[in-house]
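A.B. asks: Have a look at this one before I ask anything.
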Amino acid sequence: MAAVPGGKVAIFGAGGPVAAMAARALKEHYTLRLTDLRPLEEIAAAGKPQSPGAPLPEVLPPPHETRQVDVAEYAQVLEAARGMDALVNCTVVRPHLVPAFQVNMLGAYHVAKAAVELGITRIIHTAPQLVILGHGADYLHDFQVPEDVPPRPGSELYSLSKFLGGEITRVFAERHGLEVVEFAYCGFRPAAVSNEEAGGGLFCFMTAWEDTGEPFLHALRAPSSAFERPYERFHITSRLPHGKFGASGKAQRLLGWSPKHDFAPLWLRATEG
């Protein structure tokens, strides 16, 4: 097993904003196979961002390619993964019961299973943060929370189904010699802060869209020696003053990546005099 400095990478769930930023970061270095349940061309043409300022997918010219893939169908995942050097799973369904488990849990199983069948060892798996979910057993009131604390998904559909998908992927990694990186995200916003927003504060787990994609490049290029365990979890946040999540510097230590943005106008007050 070794780093993946070049070659071919399949991105599942490429129509979403995190995957869009990943593709932007990777497109000059890898040949990408961008897959989603809907045609990527249709998603891009609709021009409907997930939230204000969220990126839209880009239909890349050859040698990159796009495919329609339902991750709930193993045969489709296997064919999309064939010939690839690494896999990126950004698929997600949030509010609907059966599709959430089909995509978030079963889809993760299919990606990991395809990797093993095809001899692919490097996977990047995206997930929501599982540390601050509004129940009595989370880490909301703690500081310097490391990524390796036990996840606390609670009973919320999105968090629980993604947690199970991550656990399945972790077991595959441990039993089959995979190298899996999990990137956990929470809130997103553009790095730029308007004058109207200045001084308004911000949540303690927030990522600039501009900081979202570059970690994927670092995760693919990281040598095997960088991994302390088969399944490594990272809290991907921008540089924030709270000192709660992502403050341990694990991404810098293992992947050589650190965020560039800190939203300073949101939490700094101008001094008088």
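Chain labels follow the order of the structure tokens: the first chain is A, the next B, and so on; residue numbering restarts at 1 in every chain, and ligands are counted from 1 in their shown order.
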Let's see if you can do this: from backbone DSSP, list all strand (DSSP E or B) residues in segment 22-266 of chain A, as a ChimeraX atom specification.
C.D. replies: /A:31-36,65-68,86-89,122-128,145,179-185,187-189,206-208,231-235,245
A.B. asks: Store the residues of this selection in a file with C-alpha atoms, as a CSV table (one decimal), in the first residue's frame.
C.D. replies:
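Resulting contents of result.csv:
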```csv
chain,number,residue,atom,x,y,z
A,31,THR,CA,-8.5,11.6,-13.9
A,32,LEU,CA,-11.9,11.7,-12.2
A,33,ARG,CA,-15.0,9.5,-12.7
A,34,LEU,CA,-17.8,11.7,-11.2
A,35,THR,CA,-20.9,9.7,-10.3
A,36,ASP,CA,-24.3,10.5,-8.9
A,65,GLU,CA,-16.0,11.3,-17.2
A,66,THR,CA,-19.4,11.2,-15.5
A,67,ARG,CA,-21.7,8.3,-14.8
A,68,GLN,CA,-25.1,7.7,-13.2
A,86,ALA,CA,-8.8,5.3,-5.1
A,87,LEU,CA,-12.5,5.9,-4.2
A,88,VAL,CA,-14.2,8.9,-2.6
A,89,ASN,CA,-17.6,8.4,-1.0
A,122,ARG,CA,-7.3,4.1,-0.4
A,123,ILE,CA,-10.8,5.4,0.4
A,124,ILE,CA,-12.0,8.8,1.5
A,125,HIS,CA,-15.3,8.7,3.3
A,126,THR,CA,-17.3,11.8,4.3
A,127,ALA,CA,-19.5,12.1,7.3
A,128,PRO,CA,-21.3,14.6,9.5
A,145,VAL,CA,-12.0,17.4,21.7
A,179,GLU,CA,-6.5,2.8,4.4
A,180,VAL,CA,-9.6,4.9,5.0
A,181,VAL,CA,-9.8,8.6,5.8
A,182,GLU,CA,-13.0,9.9,7.2
A,183,PHE,CA,-13.6,13.7,6.9
A,184,ALA,CA,-16.3,14.9,9.3
A,185,TYR,CA,-18.0,18.2,8.5
A,187,GLY,CA,-21.6,23.9,9.0
A,188,PHE,CA,-20.4,25.6,5.9
A,189,ARG,CA,-20.2,29.1,4.6
A,206,MET,CA,-17.7,25.7,10.8
A,207,THR,CA,-15.8,25.2,7.5
A,208,ALA,CA,-15.3,27.7,4.7
A,231,TYR,CA,-9.5,4.1,9.7
A,232,GLU,CA,-8.6,7.7,10.5
A,233,ARG,CA,-11.2,10.3,11.4
A,234,PHE,CA,-10.6,14.0,10.9
A,235,HIS,CA,-12.7,17.0,12.0
A,245,PHE,CA,-13.0,20.8,17.4
```
A.B. asks: Any idea what's packed within 10 Å of Phe205 of chain A, counting only C-alpha atoms, ignoring anything in its chain fewer than 3 positions away? Could you give it as number ranges by chain?
C.D. replies: A: 129, 131-132, 185-188, 202, 235-240, 242-246
A.B. asks: For those residues, write N, CA and C atoms to a file as an mmCIF file, in the first residue's frame.
C.D. replies:
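Output file out-v6.cif is given in full below:
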```cif
data_model
loop_
_atom_site.group_PDB
_atom_site.id
_atom_site.type_symbol
_atom_site.label_atom_id
_atom_site.label_comp_id
_atom_site.auth_asym_id
_atom_site.auth_seq_id
_atom_site.Cartn_x
_atom_site.Cartn_y
_atom_site.Cartn_z
ATOM 1 N N GLN A 129 -20.334 15.592 11.494
ATOM 2 C CA GLN A 129 -19.734 15.507 12.826
ATOM 3 C C GLN A 129 -20.677 14.737 13.746
ATOM 4 N N VAL A 131 -20.274 14.699 17.249
ATOM 5 C CA VAL A 131 -19.825 15.103 18.585
ATOM 6 C C VAL A 131 -20.727 16.141 19.243
ATOM 7 N N ILE A 132 -21.529 16.853 18.474
ATOM 8 C CA ILE A 132 -22.419 17.882 19.038
ATOM 9 C C ILE A 132 -23.784 17.786 18.367
ATOM 10 N N TYR A 185 -17.620 16.805 8.691
ATOM 11 C CA TYR A 185 -17.950 18.218 8.514
ATOM 12 C C TYR A 185 -19.190 18.571 9.329
ATOM 13 N N CYS A 186 -19.429 19.868 9.457
ATOM 14 C CA CYS A 186 -20.659 20.334 10.108
ATOM 15 C C CYS A 186 -21.233 21.483 9.299
ATOM 16 N N GLY A 187 -21.048 22.718 9.764
ATOM 17 C CA GLY A 187 -21.591 23.865 9.037
ATOM 18 C C GLY A 187 -20.620 24.376 7.982
ATOM 19 N N PHE A 188 -21.175 25.001 6.950
ATOM 20 C CA PHE A 188 -20.373 25.562 5.859
ATOM 21 C C PHE A 188 -20.820 26.997 5.578
ATOM 22 N N LEU A 202 -20.047 33.014 15.258
ATOM 23 C CA LEU A 202 -20.182 31.831 14.412
ATOM 24 C C LEU A 202 -20.166 30.579 15.268
ATOM 25 N N HIS A 235 -11.716 15.909 11.932
ATOM 26 C CA HIS A 235 -12.693 16.992 11.981
ATOM 27 C C HIS A 235 -12.190 18.107 11.065
ATOM 28 N N ILE A 236 -12.885 18.337 9.971
ATOM 29 C CA ILE A 236 -12.446 19.342 9.011
ATOM 30 C C ILE A 236 -13.176 20.656 9.307
ATOM 31 N N THR A 237 -12.478 21.552 9.977
ATOM 32 C CA THR A 237 -13.029 22.873 10.258
ATOM 33 C C THR A 237 -12.024 23.925 9.831
ATOM 34 N N SER A 238 -12.525 25.132 9.646
ATOM 35 C CA SER A 238 -11.621 26.251 9.435
ATOM 36 C C SER A 238 -10.994 26.640 10.772
ATOM 37 N N ARG A 239 -10.046 27.572 10.743
ATOM 38 C CA ARG A 239 -9.371 27.989 11.980
ATOM 39 C C ARG A 239 -10.332 28.853 12.794
ATOM 40 N N LEU A 240 -10.757 28.332 13.938
ATOM 41 C CA LEU A 240 -11.759 28.997 14.758
ATOM 42 C C LEU A 240 -11.196 29.294 16.143
ATOM 43 N N HIS A 242 -12.680 28.980 19.082
ATOM 44 C CA HIS A 242 -13.330 28.303 20.199
ATOM 45 C C HIS A 242 -12.438 27.277 20.903
ATOM 46 N N GLY A 243 -11.526 26.652 20.167
ATOM 47 C CA GLY A 243 -10.679 25.633 20.773
ATOM 48 C C GLY A 243 -11.424 24.361 21.114
ATOM 49 N N LYS A 244 -12.431 24.000 20.328
ATOM 50 C CA LYS A 244 -13.246 22.840 20.653
ATOM 51 C C LYS A 244 -12.979 21.668 19.713
ATOM 52 N N PHE A 245 -13.130 21.865 18.408
ATOM 53 C CA PHE A 245 -13.018 20.767 17.450
ATOM 54 C C PHE A 245 -11.972 21.108 16.392
ATOM 55 N N GLY A 246 -11.206 20.101 15.997
ATOM 56 C CA GLY A 246 -10.162 20.312 15.003
ATOM 57 C C GLY A 246 -8.956 21.055 15.536
#
```
A.B. asks: My list of candidates is A:Glu79, A:Met105, A:Glu228, A:Ala137. Which is closest to Leu118 of chain A when distances are computed with only C-alpha atoms?
C.D. replies: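 Looking only at the distances to Leu118 of chain A, the closest residue turns out to be A:Glu79.
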A.B. asks: Please determine, counting only C-alpha atoms, which residue among A:Ala115, A:Leu40, A:Leu164, A:Ala251 has the shortest atom-to-atom distance to Leu130 of chain A.
C.D. replies: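 With only C-alpha atoms as the atom set, the closest residue is A:Leu164.
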A.B. asks: So which residues of segment 46-270 of chain A fall under helix (DSSP H, G or I) by DSSP, listed as a count of residues only?
C.D. replies: 75
A.B. asks: Excluding same-chain residues fewer than 2 positions from Pro95 of chain A, what lies within 9 Å of it counting only C-alpha atoms, as a list of chain:residue names?
C.D. replies: A:Val93, A:Leu97, A:Pro99, A:Ala100, A:Leu157, A:Tyr158
A.B. asks: Quick one: write out the picked residues with C-alpha atoms as a CSV table (one decimal), in the first residue's frame?
C.D. replies:
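For reference, result_36.csv as written:
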```
chain,number,residue,atom,x,y,z
A,93,VAL,CA,-29.4,11.3,2.1
A,97,LEU,CA,-35.9,6.9,6.2
A,99,PRO,CA,-33.2,6.0,1.2
A,100,ALA,CA,-31.0,7.3,4.1
A,157,LEU,CA,-31.7,9.6,11.1
A,158,TYR,CA,-28.9,11.3,9.2
```
A.B. asks: Just to confirm, what's the straight-line distance from atom CA of Phe203 of chain A to atom CA of Leu133 of chain A in Å (one decimal)?
C.D. replies: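 If I compute the distance from atom CA of Phe203 of chain A to atom CA of Leu133 of chain A, I get 13.0 Å.
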A.B. asks: Can you tell me how far atom CA of Asp148 of chain A sits from atom CA of Leu26 of chain A, in Å to one decimal?
C.D. replies: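 Distance between the two atoms: 26.8 Å.
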A.B. asks: Counting only C-alpha atoms, what is within 9 Å of Arg24 of chain A, bar same-chain residues fewer than 2 positions away, as a ChimeraX atom specification?
C.D. replies: /A:19-22,26-28,57-58,213-214
A.B. asks: Find the residue from A:Arg170, A:His141, A:His135, A:Arg269 that sits nearest to Ala198 of chain A; use only C-alpha atoms when measuring.
C.D. replies: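 Of A:Arg170, A:His141, A:His135, A:Arg269, the one nearest Ala198 of chain A, counting only C-alpha atoms, is A:Arg269.
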A.B. asks: With distances taken over only C-alpha atoms, which residue among A:Tyr30, A:Tyr109, A:Tyr139, A:Trp267 lies nearest Tyr74 of chain A?
C.D. replies: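 Nearest to Tyr74 of chain A: A:Tyr109.
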A.B. asks: One number please: atom CA of Asp85 of chain A to atom CA of Leu37 of chain A, in Å, one decimal.
C.D. replies: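 Rounded to one decimal, the two atoms are 21.7 Å apart.
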A.B. asks: With only C-alpha atoms as the atoms that count, which of A:Cys204, A:Ala226, A:Leu254, A:Ala108 lies nearest to Pro241 of chain A?
C.D. replies: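 For Pro241 of chain A, the nearest of the candidates is A:Cys204.
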A.B. asks: Using only C-alpha atoms, find the one residue out of A:Gln144, A:Asn104, A:Gln50, A:Gln76 that sits nearest to Ala247 of chain A.
C.D. replies: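 Looking at the shortest contact to Ala247 of chain A, the residue is A:Gln144.
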